[in-house]
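Asker: Sending over run_11.cif (mmCIF, C-alpha atoms and all ligand atoms).
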```cif
data_start
#
loop_
_atom_site.group_PDB
_atom_site.id
_atom_site.type_symbol
_atom_site.label_atom_id
_atom_site.label_comp_id
_atom_site.auth_asym_id
_atom_site.auth_seq_id
_atom_site.Cartn_x
_atom_site.Cartn_y
_atom_site.Cartn_z
ATOM 1 C CA MET Q 1 -111.846 31.128 21.458
ATOM 2 C CA THR Q 2 -108.746 29.928 19.623
ATOM 3 C CA LYS Q 3 -108.373 26.212 18.813
ATOM 4 C CA LYS Q 4 -105.571 25.960 21.390
ATOM 5 C CA ASN Q 5 -107.636 27.521 24.186
ATOM 6 C CA LYS Q 6 -110.623 25.324 23.373
ATOM 7 C CA ALA Q 7 -108.520 22.163 23.828
ATOM 8 C CA LYS Q 8 -107.110 23.512 27.089
ATOM 9 C CA SER Q 9 -110.529 24.331 28.521
ATOM 10 C CA SER Q 10 -111.977 20.876 27.760
ATOM 11 C CA ARG Q 11 -109.030 19.250 29.565
ATOM 12 C CA SER Q 12 -109.324 21.392 32.676
ATOM 13 C CA SER Q 13 -113.116 20.983 32.852
ATOM 14 C CA GLY Q 14 -112.534 17.345 33.844
ATOM 15 C CA LYS Q 15 -114.845 16.142 31.082
ATOM 16 C CA SER Q 16 -113.728 12.799 29.751
ATOM 17 C CA LYS Q 17 -116.188 11.944 27.011
ATOM 18 C CA LYS Q 18 -115.005 9.632 24.228
ATOM 19 C CA GLY Q 19 -113.576 11.610 21.368
ATOM 20 C CA SER Q 20 -113.138 14.806 23.406
ATOM 21 C CA GLY Q 21 -109.381 14.223 23.384
ATOM 22 C CA SER Q 22 -109.044 13.847 27.169
ATOM 23 C CA LYS Q 23 -108.460 10.385 28.563
ATOM 24 C CA LYS Q 24 -110.718 8.768 31.162
ATOM 25 C CA LYS Q 25 -109.197 8.309 34.587
ATOM 26 C CA ALA Q 26 -108.558 4.954 36.223
ATOM 27 C CA LEU Q 27 -107.650 4.577 39.868
ATOM 28 C CA ILE Q 28 -106.146 1.402 41.350
ATOM 29 C CA VAL Q 29 -106.317 1.003 45.126
ATOM 30 C CA TYR Q 30 -104.480 -1.949 46.635
ATOM 31 C CA PHE Q 31 -103.417 -3.580 49.879
ATOM 32 C CA SER Q 32 -100.101 -5.412 49.797
ATOM 33 C CA ALA Q 33 -98.138 -6.573 52.839
ATOM 34 C CA SER Q 34 -95.222 -8.250 51.036
ATOM 35 C CA GLY Q 35 -95.331 -6.480 47.662
ATOM 36 C CA ASN Q 36 -96.884 -9.354 45.666
ATOM 37 C CA THR Q 37 -100.147 -7.502 45.005
ATOM 38 C CA LYS Q 38 -98.364 -4.171 44.476
ATOM 39 C CA LYS Q 39 -96.423 -5.764 41.578
ATOM 40 C CA VAL Q 40 -99.653 -6.992 40.011
ATOM 41 C CA ALA Q 41 -101.298 -3.578 40.533
ATOM 42 C CA GLU Q 42 -98.446 -1.951 38.634
ATOM 43 C CA ALA Q 43 -98.601 -4.505 35.814
ATOM 44 C CA ILE Q 44 -102.360 -3.966 35.422
ATOM 45 C CA ALA Q 45 -101.720 -0.201 35.381
ATOM 46 C CA GLU Q 46 -99.308 -0.691 32.464
ATOM 47 C CA GLY Q 47 -102.111 -2.318 30.495
ATOM 48 C CA LEU Q 48 -104.640 0.362 31.419
ATOM 49 C CA LYS Q 49 -102.237 3.071 30.275
ATOM 50 C CA SER Q 50 -102.799 1.965 26.673
ATOM 51 C CA LYS Q 51 -106.010 4.031 26.760
ATOM 52 C CA LEU Q 52 -106.496 5.621 30.181
ATOM 53 C CA LYS Q 53 -104.834 7.978 32.621
ATOM 54 C CA VAL Q 54 -103.905 5.840 35.634
ATOM 55 C CA ASP Q 55 -103.113 6.412 39.312
ATOM 56 C CA VAL Q 56 -102.028 3.588 41.622
ATOM 57 C CA THR Q 57 -102.298 4.083 45.366
ATOM 58 C CA PRO Q 58 -102.006 1.947 48.500
ATOM 59 C CA VAL Q 59 -105.242 1.848 50.472
ATOM 60 C CA SER Q 60 -103.518 3.607 53.387
ATOM 61 C CA LYS Q 61 -103.285 6.717 51.193
ATOM 62 C CA ALA Q 62 -106.557 6.412 49.252
ATOM 63 C CA SER Q 63 -109.297 9.020 49.636
ATOM 64 C CA VAL Q 64 -112.992 9.263 48.855
ATOM 65 C CA LYS Q 65 -112.245 12.237 46.602
ATOM 66 C CA GLU Q 66 -109.880 10.174 44.434
ATOM 67 C CA ILE Q 67 -112.538 7.487 44.077
ATOM 68 C CA LYS Q 68 -115.183 10.072 43.138
ATOM 69 C CA ASP Q 69 -112.856 11.665 40.568
ATOM 70 C CA ALA Q 70 -112.076 8.361 38.830
ATOM 71 C CA ASP Q 71 -114.092 7.007 35.895
ATOM 72 C CA ILE Q 72 -113.030 3.460 36.657
ATOM 73 C CA VAL Q 73 -111.846 1.958 39.938
ATOM 74 C CA GLY Q 74 -109.754 -1.175 40.453
ATOM 75 C CA MET Q 75 -109.247 -2.708 43.869
ATOM 76 C CA GLY Q 76 -106.763 -5.439 44.679
ATOM 77 C CA SER Q 77 -105.483 -7.293 47.696
ATOM 78 C CA GLY Q 78 -103.474 -10.161 48.985
ATOM 79 C CA ILE Q 79 -105.820 -12.791 50.438
ATOM 80 C CA TYR Q 80 -105.923 -13.226 54.202
ATOM 81 C CA MET Q 81 -108.133 -15.891 55.780
ATOM 82 C CA TRP Q 82 -110.019 -16.543 52.516
ATOM 83 C CA SER Q 83 -110.812 -12.882 51.944
ATOM 84 C CA ALA Q 84 -109.404 -9.506 50.872
ATOM 85 C CA ALA Q 85 -107.368 -7.714 53.545
ATOM 86 C CA LYS Q 86 -109.338 -5.914 56.253
ATOM 87 C CA PRO Q 87 -107.969 -2.386 55.563
ATOM 88 C CA LEU Q 88 -109.264 -2.582 51.981
ATOM 89 C CA LYS Q 89 -112.681 -3.915 53.009
ATOM 90 C CA LYS Q 90 -112.926 -1.231 55.706
ATOM 91 C CA PHE Q 91 -112.054 1.454 53.168
ATOM 92 C CA VAL Q 92 -114.843 0.262 50.857
ATOM 93 C CA GLU Q 93 -117.278 0.173 53.789
ATOM 94 C CA SER Q 94 -116.345 3.773 54.629
ATOM 95 C CA LEU Q 95 -117.291 5.028 51.149
ATOM 96 C CA PRO Q 96 -120.575 6.791 50.492
ATOM 97 C CA VAL Q 97 -122.888 5.205 47.920
ATOM 98 C CA LEU Q 98 -121.442 6.534 44.679
ATOM 99 C CA GLN Q 99 -122.863 7.300 41.295
ATOM 100 C CA GLU Q 100 -122.400 3.962 39.512
ATOM 101 C CA LYS Q 101 -119.009 3.455 37.913
ATOM 102 C CA VAL Q 102 -117.167 0.574 36.279
ATOM 103 C CA ALA Q 103 -114.868 -1.305 38.632
ATOM 104 C CA PHE Q 104 -112.619 -4.356 38.668
ATOM 105 C CA THR Q 105 -110.854 -6.430 41.303
ATOM 106 C CA PHE Q 106 -107.661 -8.451 41.504
ATOM 107 C CA SER Q 107 -105.795 -10.564 44.018
ATOM 108 C CA THR Q 108 -102.683 -12.559 44.747
ATOM 109 C CA SER Q 109 -102.868 -15.568 47.035
ATOM 110 C CA GLY Q 110 -101.584 -19.036 47.783
ATOM 111 C CA PHE Q 111 -104.552 -20.686 46.093
ATOM 112 C CA GLY Q 112 -104.947 -18.153 43.328
ATOM 113 C CA ARG Q 113 -108.722 -18.572 43.424
ATOM 114 C CA ASP Q 114 -110.796 -15.511 42.514
ATOM 115 C CA MET Q 115 -113.723 -16.630 44.683
ATOM 116 C CA GLN Q 116 -111.767 -15.400 47.705
ATOM 117 C CA LEU Q 117 -112.634 -11.884 46.505
ATOM 118 C CA ASN Q 118 -116.398 -12.466 46.665
ATOM 119 C CA SER Q 119 -117.052 -10.484 49.848
ATOM 120 C CA LEU Q 120 -114.997 -7.530 48.550
ATOM 121 C CA LYS Q 121 -116.998 -7.580 45.310
ATOM 122 C CA VAL Q 122 -120.311 -7.549 47.200
ATOM 123 C CA LYS Q 123 -119.144 -4.576 49.300
ATOM 124 C CA MET Q 124 -117.996 -2.685 46.195
ATOM 125 C CA ASN Q 125 -121.220 -3.359 44.295
ATOM 126 C CA LYS Q 126 -123.232 -2.013 47.235
ATOM 127 C CA LYS Q 127 -121.313 1.271 46.965
ATOM 128 C CA GLY Q 128 -121.969 1.653 43.238
ATOM 129 C CA LEU Q 129 -118.588 0.251 42.194
ATOM 130 C CA CYS Q 130 -119.921 -2.232 39.646
ATOM 131 C CA VAL Q 131 -117.354 -5.010 39.351
ATOM 132 C CA ALA Q 132 -117.168 -5.961 35.681
ATOM 133 C CA ASP Q 133 -114.134 -8.241 35.746
ATOM 134 C CA SER Q 134 -111.520 -9.733 38.055
ATOM 135 C CA PHE Q 135 -107.999 -11.126 37.887
ATOM 136 C CA SER Q 136 -106.460 -13.488 40.434
ATOM 137 C CA VAL Q 137 -103.078 -15.105 40.408
ATOM 138 C CA LYS Q 138 -101.013 -17.462 42.567
ATOM 139 C CA ALA Q 139 -98.230 -15.879 44.617
ATOM 140 C CA TYR Q 140 -95.544 -16.803 47.111
ATOM 141 C CA ASP Q 141 -97.260 -17.924 50.299
ATOM 142 C CA THR Q 142 -95.733 -18.793 53.678
ATOM 143 C CA TRP Q 143 -98.977 -18.806 55.631
ATOM 144 C CA GLY Q 144 -98.925 -20.930 58.792
ATOM 145 C CA PRO Q 145 -97.432 -24.408 58.330
ATOM 146 C CA LEU Q 146 -96.405 -23.579 54.758
ATOM 147 C CA LYS Q 147 -93.474 -21.754 56.344
ATOM 148 C CA LEU Q 148 -92.103 -25.139 57.450
ATOM 149 C CA ILE Q 149 -91.711 -26.273 53.853
ATOM 150 C CA GLY Q 150 -90.302 -22.931 52.668
ATOM 151 C CA GLY Q 151 -93.627 -21.695 51.301
ATOM 152 C CA ILE Q 152 -95.417 -22.422 48.010
ATOM 153 C CA ASN Q 153 -95.418 -20.676 44.620
ATOM 154 C CA LYS Q 154 -91.872 -19.402 45.067
ATOM 155 C CA GLY Q 155 -90.966 -16.677 42.590
ATOM 156 C CA ARG Q 156 -94.568 -15.801 41.810
ATOM 157 C CA PRO Q 157 -95.991 -13.550 40.575
ATOM 158 C CA ASP Q 158 -93.473 -14.228 37.808
ATOM 159 C CA LYS Q 159 -92.889 -12.774 34.347
ATOM 160 C CA ASP Q 160 -95.756 -14.732 32.848
ATOM 161 C CA ASP Q 161 -98.150 -13.637 35.633
ATOM 162 C CA MET Q 162 -97.138 -10.016 35.078
ATOM 163 C CA LYS Q 163 -97.748 -10.353 31.336
ATOM 164 C CA LYS Q 164 -101.224 -11.739 32.039
ATOM 165 C CA ALA Q 165 -101.881 -8.873 34.476
ATOM 166 C CA THR Q 166 -100.918 -6.314 31.834
ATOM 167 C CA GLU Q 167 -103.152 -8.077 29.296
ATOM 168 C CA PHE Q 168 -105.987 -7.932 31.833
ATOM 169 C CA GLY Q 169 -105.403 -4.157 32.133
ATOM 170 C CA GLU Q 170 -105.511 -3.824 28.336
ATOM 171 C CA LYS Q 171 -108.775 -5.787 28.223
ATOM 172 C CA ILE Q 172 -110.314 -3.427 30.806
ATOM 173 C CA ALA Q 173 -109.024 -0.380 28.915
ATOM 174 C CA ASP Q 174 -110.667 -1.705 25.737
ATOM 175 C CA MET Q 175 -114.061 -1.244 27.408
ATOM 176 C CA PHE Q 176 -113.545 2.516 27.013
HETATM 177 C C1 LIG O 201 -101.642 -14.605 57.574
HETATM 178 C C2 LIG O 201 -101.823 -15.036 56.143
HETATM 179 C C3 LIG O 201 -103.027 -15.561 55.736
HETATM 180 C C4 LIG O 201 -103.208 -15.990 54.404
HETATM 181 N N1 LIG O 201 -104.406 -16.498 54.020
HETATM 182 C C5 LIG O 201 -104.575 -16.964 52.755
HETATM 183 C C6 LIG O 201 -105.809 -17.540 52.350
HETATM 184 O O1 LIG O 201 -106.773 -17.649 53.114
HETATM 185 N N2 LIG O 201 -105.910 -18.006 51.088
HETATM 186 C C7 LIG O 201 -104.869 -17.936 50.191
HETATM 187 O O2 LIG O 201 -105.020 -18.382 49.053
HETATM 188 N N3 LIG O 201 -103.689 -17.359 50.527
HETATM 189 C C8 LIG O 201 -103.515 -16.868 51.790
HETATM 190 N N4 LIG O 201 -102.336 -16.274 52.164
HETATM 191 C C9 LIG O 201 -101.284 -16.026 51.134
HETATM 192 C C10 LIG O 201 -101.300 -14.571 50.638
HETATM 193 O O3 LIG O 201 -102.576 -14.255 50.119
HETATM 194 C C11 LIG O 201 -100.264 -14.338 49.554
HETATM 195 O O4 LIG O 201 -98.975 -14.523 50.059
HETATM 196 C C12 LIG O 201 -100.414 -12.957 48.934
HETATM 197 O O5 LIG O 201 -99.623 -12.876 47.779
HETATM 198 C C13 LIG O 201 -100.054 -11.838 49.877
HETATM 199 O O6 LIG O 201 -100.170 -10.634 49.164
HETATM 200 P P1 LIG O 201 -99.545 -9.267 49.643
HETATM 201 O O7 LIG O 201 -98.212 -9.578 50.269
HETATM 202 O O8 LIG O 201 -99.429 -8.437 48.422
HETATM 203 O O9 LIG O 201 -100.500 -8.692 50.656
HETATM 204 C C14 LIG O 201 -102.139 -15.859 53.472
HETATM 205 C C15 LIG O 201 -100.914 -15.307 53.904
HETATM 206 C C16 LIG O 201 -100.743 -14.909 55.219
HETATM 207 C C17 LIG O 201 -99.410 -14.331 55.636
#
```
Can I see the file as structure tokens?

Answerer:
Amino acid sequence: MTKKNKAKSSRSSGKSKKGSGSKKKALIVYFSASGNTKKVAEAIAEGLKSKLKVDVTPVSKASVKEIKDADIVGMGSGIYMWSAAKPLKKFVESLPVLQEKVAFTFSTSGFGRDMQLNSLKVKMNKKGLCVADSFSVKAYDTWGPLKLIGGINKGRPDKDDMKKATEFGEKIADMF
């Protein structure tokens, strides 16, 4: 086998061992009603791209196959009633128990508190998606009476939040 063919065959075999030349695959699955969490998903992806091959997909289009094919899985959501959005939690519940893989979570919300992702993390861990790290940030929120005062956290996630999200992605990528 020529050197060129050898390189080609290791890429197409799907092997992604360190040093083999092919990058590991990261998949980000998100739910975002207003676009706040989508922005953060894309900023995290920028950071991951420093070392990994990255796909970003809304949960409405995510498949079990994509999850199985990924070496690392990130899941993110806007927070609704103190928890990740139902479609994302339902998607995780629908997954088979997977061979363990590294995972991370992220959220945007009015409070910006990561603890609102706890139930999502438990569900992911049960499916073999071992949550190693998480990133949560404040975002524009007009929930309920907040609408009357024009919402809170206007303009967020902002430039600084996006920079932090990209740095978070780089930190995750450094694990590989
Ligand atoms: C119906 C509704 C419920 C919400 N519940 C919470 C909540 O429990 N805690 C919180 O911190 N933010 C809450 N928020 C704010 C959202 O989490 C925030 O706006 C988030 O950025 C939405 O993300 P997305 O548009 O990307 O889905 C709520 C917003 C709405 C519209």

Asker: Select the residues contacting ligand LIG 201 (chain O) at a distance of at most 8 Å, based on all atoms listed in the file, then format the selection as an mmCIF file with C-alpha atoms, keeping the file's coordinate frame.

Answerer:
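Dumped to part_20.cif:
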```
data_model
loop_
_atom_site.group_PDB
_atom_site.id
_atom_site.type_symbol
_atom_site.label_atom_id
_atom_site.label_comp_id
_atom_site.auth_asym_id
_atom_site.auth_seq_id
_atom_site.Cartn_x
_atom_site.Cartn_y
_atom_site.Cartn_z
ATOM 1 C CA PHE Q 31 -103.417 -3.580 49.879
ATOM 2 C CA SER Q 32 -100.101 -5.412 49.797
ATOM 3 C CA ALA Q 33 -98.138 -6.573 52.839
ATOM 4 C CA SER Q 34 -95.222 -8.250 51.036
ATOM 5 C CA GLY Q 35 -95.331 -6.480 47.662
ATOM 6 C CA ASN Q 36 -96.884 -9.354 45.666
ATOM 7 C CA THR Q 37 -100.147 -7.502 45.005
ATOM 8 C CA LYS Q 38 -98.364 -4.171 44.476
ATOM 9 C CA LYS Q 39 -96.423 -5.764 41.578
ATOM 10 C CA SER Q 77 -105.483 -7.293 47.696
ATOM 11 C CA GLY Q 78 -103.474 -10.161 48.985
ATOM 12 C CA ILE Q 79 -105.820 -12.791 50.438
ATOM 13 C CA TYR Q 80 -105.923 -13.226 54.202
ATOM 14 C CA MET Q 81 -108.133 -15.891 55.780
ATOM 15 C CA TRP Q 82 -110.019 -16.543 52.516
ATOM 16 C CA SER Q 83 -110.812 -12.882 51.944
ATOM 17 C CA ALA Q 85 -107.368 -7.714 53.545
ATOM 18 C CA SER Q 107 -105.795 -10.564 44.018
ATOM 19 C CA THR Q 108 -102.683 -12.559 44.747
ATOM 20 C CA SER Q 109 -102.868 -15.568 47.035
ATOM 21 C CA GLY Q 110 -101.584 -19.036 47.783
ATOM 22 C CA PHE Q 111 -104.552 -20.686 46.093
ATOM 23 C CA GLY Q 112 -104.947 -18.153 43.328
ATOM 24 C CA ARG Q 113 -108.722 -18.572 43.424
ATOM 25 C CA GLN Q 116 -111.767 -15.400 47.705
ATOM 26 C CA LYS Q 138 -101.013 -17.462 42.567
ATOM 27 C CA ALA Q 139 -98.230 -15.879 44.617
ATOM 28 C CA TYR Q 140 -95.544 -16.803 47.111
ATOM 29 C CA ASP Q 141 -97.260 -17.924 50.299
ATOM 30 C CA THR Q 142 -95.733 -18.793 53.678
ATOM 31 C CA TRP Q 143 -98.977 -18.806 55.631
ATOM 32 C CA GLY Q 144 -98.925 -20.930 58.792
#
```

Asker: Go through the shown structure with the PyMOL selection byres (((chain Q and resi 43) around 6) and not hetatm) and write out the matching residues as a ChimeraX atom specification.

Answerer: /Q:40-42,44-46,162,165-166

Asker: Please expand the PyMOL selection byres (((chain Q and resi 54-59) around 10) and not hetatm) into the concrete residues it hits in this file, giving the result as a ChimeraX atom specification.

Answerer: /Q:23-32,38,41-42,44-53,60-63,66,70,72-77,87-92

Asker: So how far away is CA of Glu93 (chain Q) from CA of Lys121 (chain Q), in Å?

Answerer: 11.5 Å

Asker: Between Q:Met175, Q:Val122, Q:Ile152, Q:Leu117, which has the minimum distance to Thr105 (chain Q) (counting all atoms listed in the file)?

Answerer: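 Closest residue, counting all atoms listed in the file: Q:Leu117.
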
Asker: Quick one: distance from CA of Cys130 (chain Q) to CA of Glu100 (chain Q) in Å, one decimal?

Answerer: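 Atom-to-atom, CA of Cys130 (chain Q) and CA of Glu100 (chain Q) are spaced 6.7 Å apart.
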
Asker: Which of these, Q:Ser22, Q:Asn118, Q:Asn153, Q:Gln99, has the shortest distance to Val131 (chain Q) once you count all atoms listed in the file?

Answerer: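 For Val131 (chain Q), the nearest of the candidates is Q:Asn118.
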
Asker: Could you jot down the CA of Lys123 (chain Q) to CA of Ile67 (chain Q) separation for me, Å, one decimal place?

Answerer: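 Straight-line distance from CA of Lys123 (chain Q) to CA of Ile67 (chain Q) works out to 14.7 Å.
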
Asker: Set the distance at 10 Å and use all atoms listed in the file: which residues neighbour Gly128 (chain Q) once local chain neighbours fewer than 5 positions away are removed? I'd like the list as a list in words.

Answerer: Leu95, Pro96, Val97, Leu98, Gln99, Glu100, Lys101, Val102, Ala103 and Lys123 of chain Q

Asker: How would the residues just picked look written out with C-alpha atoms as a PDB file, in the frame of the given file?

Answerer:
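Done, and the output landed in again.pdb:
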```
ATOM      1  CA  LEU Q  95    -117.291   5.028  51.149  1.00  0.00           C
ATOM      2  CA  PRO Q  96    -120.575   6.791  50.492  1.00  0.00           C
ATOM      3  CA  VAL Q  97    -122.888   5.205  47.920  1.00  0.00           C
ATOM      4  CA  LEU Q  98    -121.442   6.534  44.679  1.00  0.00           C
ATOM      5  CA  GLN Q  99    -122.863   7.300  41.295  1.00  0.00           C
ATOM      6  CA  GLU Q 100    -122.400   3.962  39.512  1.00  0.00           C
ATOM      7  CA  LYS Q 101    -119.009   3.455  37.913  1.00  0.00           C
ATOM      8  CA  VAL Q 102    -117.167   0.574  36.279  1.00  0.00           C
ATOM      9  CA  ALA Q 103    -114.868  -1.305  38.632  1.00  0.00           C
ATOM     10  CA  LYS Q 123    -119.144  -4.576  49.300  1.00  0.00           C
TER      11      LYS Q 123
END
```

Asker: Using only the atoms of region 37-50 of chain Q listed in the file, plus 4 Å on each side, state the axis-aligned box centre and edge lengths in Å rounded to one decimal, as lines of an AutoDock Vina configuration file.

Answerer:
```
center_x = -100.5
center_y = -2.2
center_z = 35.8
size_x = 16.2
size_y = 18.6
size_z = 26.3
```

Asker: Which residue, Q:Phe106, Q:Asp174, Q:Leu120, Q:Val137, has the smallest gap to Asp160 (chain Q) when you use all atoms listed in the file?

Answerer: Q:Val137
